[in-house]
Structure formats: structure tokens, C-alpha cells
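Below: query_3.txt (compact mmCIF, C-alpha atoms)
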# COMPACT_ATOMS: atom_id res chain seq x y z
CA LEU A 192 0.00 0.00 0.00
CA SER A 193 2.77 2.44 0.88
CA ALA A 194 4.37 2.03 -2.54
CA PHE A 195 1.45 1.64 -4.91
CA ARG A 196 -1.70 3.22 -3.41
CA SER A 197 -2.49 6.56 -5.11
CA ALA A 198 -0.34 5.29 -8.00
CA GLY A 199 2.73 5.98 -5.85
CA GLN A 200 2.24 9.72 -6.30
CA ARG A 201 1.91 10.74 -2.66
CA CYS A 202 4.79 12.65 -1.15
CA SER A 203 4.95 9.98 1.57
CA ALA A 204 4.87 7.00 -0.82
CA LEU A 205 7.43 4.24 -0.35
CA ARG A 206 10.13 4.60 -3.01
CA VAL A 207 12.92 2.43 -1.61
CA LEU A 208 12.57 -0.70 0.50
CA PHE A 209 15.68 -1.76 2.37
CA VAL A 210 15.22 -5.37 3.43
CA GLN A 211 17.57 -7.40 5.56
CA ASP A 212 19.25 -10.09 3.46
CA ASP A 213 18.23 -12.87 5.87
CA ILE A 214 14.55 -12.39 4.98
CA ALA A 215 14.79 -10.72 1.56
CA ASP A 216 13.76 -13.72 -0.56
CA LYS A 217 10.65 -14.31 1.55
CA VAL A 218 9.67 -10.63 1.57
CA ILE A 219 10.21 -10.35 -2.20
CA ALA A 220 8.03 -13.42 -2.79
CA MET A 221 5.24 -11.85 -0.71
CA LEU A 222 5.69 -8.52 -2.51
CA ALA A 223 5.43 -10.24 -5.89
CA GLY A 224 2.27 -12.08 -4.85
CA ALA A 225 0.64 -8.92 -3.52
CA THR A 226 1.61 -6.97 -6.66
CA ARG A 227 0.03 -9.62 -8.91
CA GLU A 228 -3.25 -9.16 -7.00
CA LEU A 229 -3.50 -5.40 -7.59
CA CYS A 230 -6.48 -4.22 -9.60
CA LEU A 231 -5.70 -1.30 -11.93
CA GLY A 232 -8.44 0.88 -13.31
CA ASP A 233 -10.82 3.75 -12.72
CA PRO A 234 -10.31 5.04 -9.16
CA ALA A 235 -14.06 5.73 -8.92
CA VAL A 236 -14.63 1.95 -8.99
CA LEU A 237 -14.44 0.44 -5.51
CA GLU A 238 -12.40 -2.63 -6.58
CA THR A 239 -9.61 -0.47 -8.02
CA ASP A 240 -6.35 -0.48 -6.08
CA VAL A 241 -4.28 1.67 -8.45
CA GLY A 242 -5.52 4.37 -10.80
CA PRO A 243 -3.68 6.30 -13.50
CA VAL A 244 -0.76 8.65 -12.92
CA ILE A 245 -1.44 12.36 -13.08
CA ASP A 246 -0.57 13.18 -16.70
CA GLY A 247 1.33 12.25 -19.85
CA ASP A 248 4.58 13.79 -18.61
CA ALA A 249 4.45 11.67 -15.45
CA LYS A 250 3.77 8.55 -17.51
CA ALA A 251 6.64 9.34 -19.89
CA MET A 252 9.01 9.87 -16.94
CA LEU A 253 7.96 6.53 -15.43
CA ASP A 254 8.35 4.74 -18.77
CA GLY A 255 11.86 6.18 -19.12
CA HIS A 256 12.79 5.27 -15.55
CA ALA A 257 11.48 1.72 -15.99
CA GLU A 258 13.54 1.35 -19.18
CA ARG A 259 16.65 2.45 -17.28
CA MET A 260 15.85 0.11 -14.39
CA ASN A 261 15.53 -2.77 -16.86
CA HIS A 262 19.25 -2.26 -17.55
CA VAL A 263 20.63 -1.38 -14.10
CA GLY A 264 18.26 -3.37 -11.87
CA LYS A 265 16.40 -6.64 -11.77
CA LEU A 266 12.63 -6.65 -12.30
CA LEU A 267 11.13 -8.49 -9.32
CA CYS A 268 7.44 -8.16 -10.10
CA GLN A 269 4.98 -6.17 -12.14
CA ALA A 270 1.20 -5.85 -11.98
CA GLU A 271 -0.71 -6.64 -15.13
CA LEU A 272 -2.34 -3.79 -17.02
CA PRO A 273 -5.86 -4.75 -18.11
CA LYS A 274 -6.32 -4.82 -21.86
CA ASP A 275 -9.26 -2.39 -21.83
CA MET A 276 -7.47 0.61 -20.28
CA ASP A 277 -8.94 3.41 -22.39
CA GLY A 278 -8.24 6.94 -21.24
CA GLY A 279 -5.94 7.90 -18.43
CA TYR A 280 -2.23 7.43 -18.06
CA PHE A 281 -1.87 3.95 -16.62
CA PHE A 282 1.47 2.59 -15.51
CA ALA A 283 1.74 -0.93 -14.13
CA PRO A 284 3.13 -0.97 -10.57
CA ARG A 285 6.44 -2.82 -10.35
CA ALA A 286 9.45 -3.44 -8.16
CA TYR A 287 13.11 -3.62 -9.09
CA GLU A 288 16.02 -4.88 -7.05
CA ILE A 289 18.99 -2.52 -7.21
CA GLU A 290 22.48 -2.82 -5.74
CA ASP A 291 22.50 0.39 -3.72
CA LEU A 292 20.84 3.76 -3.35
CA SER A 293 23.35 5.52 -5.62
CA VAL A 294 21.70 3.80 -8.63
CA LEU A 295 18.80 6.24 -8.28
CA GLU A 296 19.49 9.60 -9.86
CA ARG A 297 16.43 11.37 -8.48
CA GLU A 298 13.19 10.81 -6.65
CA VAL A 299 10.63 9.00 -8.79
CA PHE A 300 6.94 9.80 -8.27
CA GLY A 301 4.92 6.81 -9.33
CA PRO A 302 4.26 3.14 -8.63
CA ILE A 303 7.87 1.95 -8.87
CA LEU A 304 9.48 0.41 -5.80
CA HIS A 305 13.23 -0.07 -5.53
CA VAL A 306 14.37 -2.93 -3.27
CA ILE A 307 17.84 -3.00 -1.74
CA ARG A 308 19.18 -5.87 0.35
CA PHE A 309 21.45 -5.20 3.32
CA GLU A 310 23.31 -7.31 5.86
CA ALA A 311 22.08 -7.17 9.46
CA ASP A 312 25.29 -5.57 10.69
CA ALA A 313 25.11 -2.81 8.05
CA LEU A 314 22.10 -0.89 9.38
CA ASP A 315 24.17 2.20 10.17
CA ALA A 316 25.51 2.25 6.60
CA VAL A 317 21.89 2.11 5.34
CA LEU A 318 20.96 5.06 7.55
CA ASP A 319 24.00 7.01 6.34
CA ALA A 320 23.02 6.33 2.71
CA ILE A 321 19.45 7.49 3.35
CA ASN A 322 20.64 10.66 5.07
CA ALA A 323 23.07 11.40 2.23
CA THR A 324 20.25 11.59 -0.36
CA GLY A 325 18.96 14.93 0.84
CA TYR A 326 15.42 13.52 0.86
CA GLY A 327 13.67 12.73 4.08
CA LEU A 328 9.98 13.47 4.27
CA THR A 329 8.82 10.03 5.41
CA LEU A 330 10.45 6.88 6.72
CA GLY A 331 8.86 3.62 7.75
CA ILE A 332 10.39 0.82 9.77
CA HIS A 333 9.09 -2.65 10.52
CA SER A 334 10.76 -4.41 13.41
CA ARG A 335 9.72 -6.12 16.63
CA ILE A 336 12.81 -4.78 18.39
CA ASP A 337 12.18 -1.50 20.25
CA SER A 338 15.86 -0.56 20.35
CA VAL A 339 16.00 -0.79 16.55
CA HIS A 340 12.99 1.54 16.24
CA GLY A 341 14.67 4.03 18.54
CA HIS A 342 18.00 3.82 16.77
CA VAL A 343 16.55 4.23 13.28
CA CYS A 344 14.13 7.01 14.22
CA GLY A 345 16.84 8.84 16.14
CA SER A 346 19.45 8.51 13.37
CA VAL A 347 17.64 9.20 10.14
CA HIS A 348 16.77 12.73 9.03
CA ALA A 349 13.06 12.32 8.25
CA GLY A 350 10.11 14.55 8.94
CA ASN A 351 7.81 11.64 9.80
CA ALA A 352 8.77 8.14 10.91
CA TYR A 353 6.18 5.39 11.02
CA VAL A 354 6.80 2.23 13.01
CA ASN A 355 5.11 -1.04 12.02
CA ARG A 356 2.39 0.57 9.91
CA ASN A 357 1.58 1.85 6.44
CA MET A 358 3.48 5.06 5.57
CA ILE A 359 0.57 6.78 3.82
CA GLY A 360 -2.77 7.94 5.12
CA ALA A 361 -1.87 8.65 8.73
CA VAL A 362 -3.01 11.84 10.36
CA VAL A 363 0.29 13.41 11.40
CA GLY A 364 0.40 14.35 15.07
CA VAL A 365 -2.70 12.28 15.81
CA GLN A 366 -1.86 8.67 14.92
CA PRO A 367 1.33 7.11 16.29
Target encoding C-alpha cells, full file:
Amino acid sequence: LSAFRSAGQRCSALRVLFVQDDIADKVIAMLAGATRELCLGDPAVLETDVGPVIDGDAKAMLDGHAERMNHVGKLLCQAELPKDMDGGYFFAPRAYEIEDLSVLEREVFGPILHVIRFEADALDAVLDAINATGYGLTLGIHSRIDSVHGHVCGSVHAGNAYVNRNMIGAVVGVQP
């Protein structure tokens, strides 16, 4: 939901998923299964999970980024675009595995998720890489270990940090 709801065009949308190498294959398999189940279409229809992107320029940017990712990353999964998609600028949500954050040249607004594996003992290097981007509106962390939540939230330069929940749709200052 954090990556693909609202066609990934929210300022708080998940753009990069760092996943610990120990569990990466399992998480990627679940991500692929969930992505295959997404329903693309008219956002006025209740069954729709992902609508079109905002305009032709946004679609062209996403098409160009996907083409680049096909060369520098590994396509992990992609939702299927229905055949009868008349009108609108529809872009199939997808996820790519990339080697590290430096592969991304800029922030990408749309339903493209970038997955990066990391070793358990490299969490501080991940936080340093995130802080070095100059971006930092929203961060999400999923962990059952309270000390990890505290360390990540205290180390990363983000305006909002969500722990064990979706990164979009929260009422800031009201919901924990």
C-alpha cells in the first residue's frame, strides 16, 4: 500500500525498500504475490487499487525510468495492465532490485518500488546512505525490536517516521 496506493504519487509514498538479506527472498516473494493481485483501473470503482498517474509527462518519466531500471536493476514483479485501459495514463506498478541507493538519480513519483538488500550488521551504513540523499519526508520501519525503532528514528533525518504501519494515510500528530 505504501508504494502503490495513489499510484505511488503521494509525497509519503514508499520509493525504496531496504530489506535485511536474511529475509529478503521471503519478503520479495510476498511482494510479488501482492503486486500480482493489484487491480488497476478507474479510481471511482471500488475494486480499483491503483488508478492512472497524473498526466502524460508523469507517464513518460515513469516509462523512461522503468527502461533504465531494466538495464541497471532486476525486475522483481509487475502488476498486469488490463487490456481495456482506455483513457488515463496507466502505468503498471512494479518493483526492481537494485544494488544500492546511488543507482537512483532522483526521486521517482509513481508506482515503482526499488528494493535494496542489506546485511544485518550494516544498518548504520543504510541510515547514512538514506541521510546522504537529501530527501527525508517520510520513513517507515518494521521491526519487533524496540531498540532498533529508537536507533533508526533517532538517526535518520526524516520529517515523519512510522513504526510497524503503512506510511501513507496517517493523520500526522494524531496517529502514532
In terms of the shortest atom-to-atom distance over all atoms listed in the file, which of A:Asp337, A:Phe195, A:Arg297, A:Ser346 is closest to Gly325 in chain A?
A:Arg297
I'd like the neighbourhood of Ser193 in chain A as a PyMOL selection string, where a residue qualifies if any of its atoms comes within 8 Å (using all atoms listed in the file), though same-chain residues fewer than 5 positions away should be ignored.
chain A and resi 199+203-205+357-359
Which distance in Å separates CA of Cys268 in chain A and CA of Ala311 in chain A, to one decimal?
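So the answer is 24.5 Å.
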Residue among A:His340, A:Arg308, A:Leu231, A:Arg259 lying closest to Lys274 in chain A, counting all atoms listed in the file
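Of the candidates, the smallest distance to Lys274 in chain A is held by A:Leu231.
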Between A:Ala286, A:Ala257, A:Val207, A:Met276, which residue has the minimum interatomic distance to Ala220 in chain A, considering all atoms listed in the file?
A:Ala286
Save range 290-328 of chain A to a file: N, CA and C atoms, as an mmCIF file, in the first residue's frame.
data_model
loop_
_atom_site.group_PDB
_atom_site.id
_atom_site.type_symbol
_atom_site.label_atom_id
_atom_site.label_comp_id
_atom_site.auth_asym_id
_atom_site.auth_seq_id
_atom_site.Cartn_x
_atom_site.Cartn_y
_atom_site.Cartn_z
ATOM 1 N N GLU A 290 21.333 -2.529 -6.595
ATOM 2 C CA GLU A 290 22.485 -2.816 -5.739
ATOM 3 C C GLU A 290 22.597 -1.866 -4.554
ATOM 4 N N ASP A 291 22.414 -0.575 -4.810
ATOM 5 C CA ASP A 291 22.497 0.395 -3.725
ATOM 6 C C ASP A 291 21.772 1.673 -4.129
ATOM 7 N N LEU A 292 21.624 2.550 -3.177
ATOM 8 C CA LEU A 292 20.835 3.763 -3.354
ATOM 9 C C LEU A 292 21.416 4.700 -4.407
ATOM 10 N N SER A 293 22.719 4.628 -4.647
ATOM 11 C CA SER A 293 23.347 5.521 -5.621
ATOM 12 C C SER A 293 22.882 5.250 -7.054
ATOM 13 N N VAL A 294 22.235 4.117 -7.296
ATOM 14 C CA VAL A 294 21.698 3.805 -8.627
ATOM 15 C C VAL A 294 20.600 4.803 -9.009
ATOM 16 N N LEU A 295 19.879 5.292 -8.006
ATOM 17 C CA LEU A 295 18.797 6.244 -8.280
ATOM 18 C C LEU A 295 19.372 7.637 -8.468
ATOM 19 N N GLU A 296 18.971 8.270 -9.549
ATOM 20 C CA GLU A 296 19.486 9.597 -9.865
ATOM 21 C C GLU A 296 18.621 10.705 -9.300
ATOM 22 N N ARG A 297 17.364 10.389 -9.014
ATOM 23 C CA ARG A 297 16.428 11.373 -8.478
ATOM 24 C C ARG A 297 15.238 10.655 -7.876
ATOM 25 N N GLU A 298 14.398 11.398 -7.206
ATOM 26 C CA GLU A 298 13.192 10.810 -6.645
ATOM 27 C C GLU A 298 12.200 10.546 -7.777
ATOM 28 N N VAL A 299 11.549 9.405 -7.739
ATOM 29 C CA VAL A 299 10.627 8.999 -8.793
ATOM 30 C C VAL A 299 9.219 8.940 -8.208
ATOM 31 N N PHE A 300 8.320 9.773 -8.742
ATOM 32 C CA PHE A 300 6.944 9.799 -8.267
ATOM 33 C C PHE A 300 6.092 8.890 -9.136
ATOM 34 N N GLY A 301 5.748 7.753 -8.609
ATOM 35 C CA GLY A 301 4.921 6.805 -9.330
ATOM 36 C C GLY A 301 5.050 5.437 -8.722
ATOM 37 N N PRO A 302 4.309 4.467 -9.238
ATOM 38 C CA PRO A 302 4.263 3.138 -8.635
ATOM 39 C C PRO A 302 5.454 2.248 -9.010
ATOM 40 N N ILE A 303 6.656 2.742 -8.698
ATOM 41 C CA ILE A 303 7.869 1.945 -8.872
ATOM 42 C C ILE A 303 8.561 1.857 -7.523
ATOM 43 N N LEU A 304 8.785 0.644 -7.063
ATOM 44 C CA LEU A 304 9.477 0.408 -5.800
ATOM 45 C C LEU A 304 10.865 -0.128 -6.101
ATOM 46 N N HIS A 305 11.846 0.376 -5.382
ATOM 47 C CA HIS A 305 13.235 -0.066 -5.527
ATOM 48 C C HIS A 305 13.599 -0.833 -4.262
ATOM 49 N N VAL A 306 14.049 -2.061 -4.406
ATOM 50 C CA VAL A 306 14.367 -2.930 -3.274
ATOM 51 C C VAL A 306 15.887 -3.084 -3.184
ATOM 52 N N ILE A 307 16.402 -2.871 -1.980
ATOM 53 C CA ILE A 307 17.836 -3.000 -1.737
ATOM 54 C C ILE A 307 18.044 -3.927 -0.549
ATOM 55 N N ARG A 308 18.841 -4.956 -0.738
ATOM 56 C CA ARG A 308 19.183 -5.872 0.354
ATOM 57 C C ARG A 308 20.327 -5.284 1.179
ATOM 58 N N PHE A 309 20.317 -5.598 2.479
ATOM 59 C CA PHE A 309 21.445 -5.205 3.316
ATOM 60 C C PHE A 309 21.695 -6.277 4.377
ATOM 61 N N GLU A 310 22.937 -6.375 4.800
ATOM 62 C CA GLU A 310 23.309 -7.315 5.856
ATOM 63 C C GLU A 310 22.899 -6.732 7.206
ATOM 64 N N ALA A 311 22.565 -7.599 8.150
ATOM 65 C CA ALA A 311 22.079 -7.171 9.459
ATOM 66 C C ALA A 311 23.037 -6.221 10.164
ATOM 67 N N ASP A 312 24.320 -6.417 9.992
ATOM 68 C CA ASP A 312 25.292 -5.570 10.687
ATOM 69 C C ASP A 312 25.595 -4.270 9.928
ATOM 70 N N ALA A 313 24.858 -4.000 8.858
ATOM 71 C CA ALA A 313 25.113 -2.813 8.046
ATOM 72 C C ALA A 313 24.003 -1.759 8.176
ATOM 73 N N LEU A 314 23.206 -1.826 9.226
ATOM 74 C CA LEU A 314 22.096 -0.885 9.383
ATOM 75 C C LEU A 314 22.583 0.562 9.426
ATOM 76 N N ASP A 315 23.672 0.829 10.111
ATOM 77 C CA ASP A 315 24.172 2.204 10.171
ATOM 78 C C ASP A 315 24.592 2.712 8.793
ATOM 79 N N ALA A 316 25.146 1.857 7.962
ATOM 80 C CA ALA A 316 25.508 2.253 6.601
ATOM 81 C C ALA A 316 24.247 2.576 5.793
ATOM 82 N N VAL A 317 23.167 1.833 6.010
ATOM 83 C CA VAL A 317 21.891 2.113 5.343
ATOM 84 C C VAL A 317 21.392 3.493 5.762
ATOM 85 N N LEU A 318 21.427 3.763 7.049
ATOM 86 C CA LEU A 318 20.958 5.057 7.552
ATOM 87 C C LEU A 318 21.805 6.201 7.000
ATOM 88 N N ASP A 319 23.112 6.000 6.917
ATOM 89 C CA ASP A 319 23.996 7.010 6.337
ATOM 90 C C ASP A 319 23.644 7.255 4.866
ATOM 91 N N ALA A 320 23.375 6.192 4.126
ATOM 92 C CA ALA A 320 23.019 6.327 2.707
ATOM 93 C C ALA A 320 21.701 7.084 2.551
ATOM 94 N N ILE A 321 20.736 6.779 3.399
ATOM 95 C CA ILE A 321 19.451 7.487 3.352
ATOM 96 C C ILE A 321 19.669 8.969 3.647
ATOM 97 N N ASN A 322 20.408 9.265 4.700
ATOM 98 C CA ASN A 322 20.644 10.659 5.073
ATOM 99 C C ASN A 322 21.413 11.420 3.997
ATOM 100 N N ALA A 323 22.261 10.752 3.263
ATOM 101 C CA ALA A 323 23.072 11.395 2.227
ATOM 102 C C ALA A 323 22.256 11.798 1.000
ATOM 103 N N THR A 324 21.040 11.269 0.836
ATOM 104 C CA THR A 324 20.251 11.589 -0.359
ATOM 105 C C THR A 324 19.742 13.022 -0.372
ATOM 106 N N GLY A 325 19.562 13.604 0.787
ATOM 107 C CA GLY A 325 18.963 14.930 0.844
ATOM 108 C C GLY A 325 17.446 14.881 0.872
ATOM 109 N N TYR A 326 16.867 13.697 0.737
ATOM 110 C CA TYR A 326 15.425 13.521 0.861
ATOM 111 C C TYR A 326 15.146 13.031 2.271
ATOM 112 N N GLY A 327 13.950 13.248 2.751
ATOM 113 C CA GLY A 327 13.669 12.734 4.083
ATOM 114 C C GLY A 327 12.318 13.127 4.612
ATOM 115 N N LEU A 328 11.298 13.114 3.774
ATOM 116 C CA LEU A 328 9.977 13.467 4.270
ATOM 117 C C LEU A 328 9.418 12.367 5.168
#
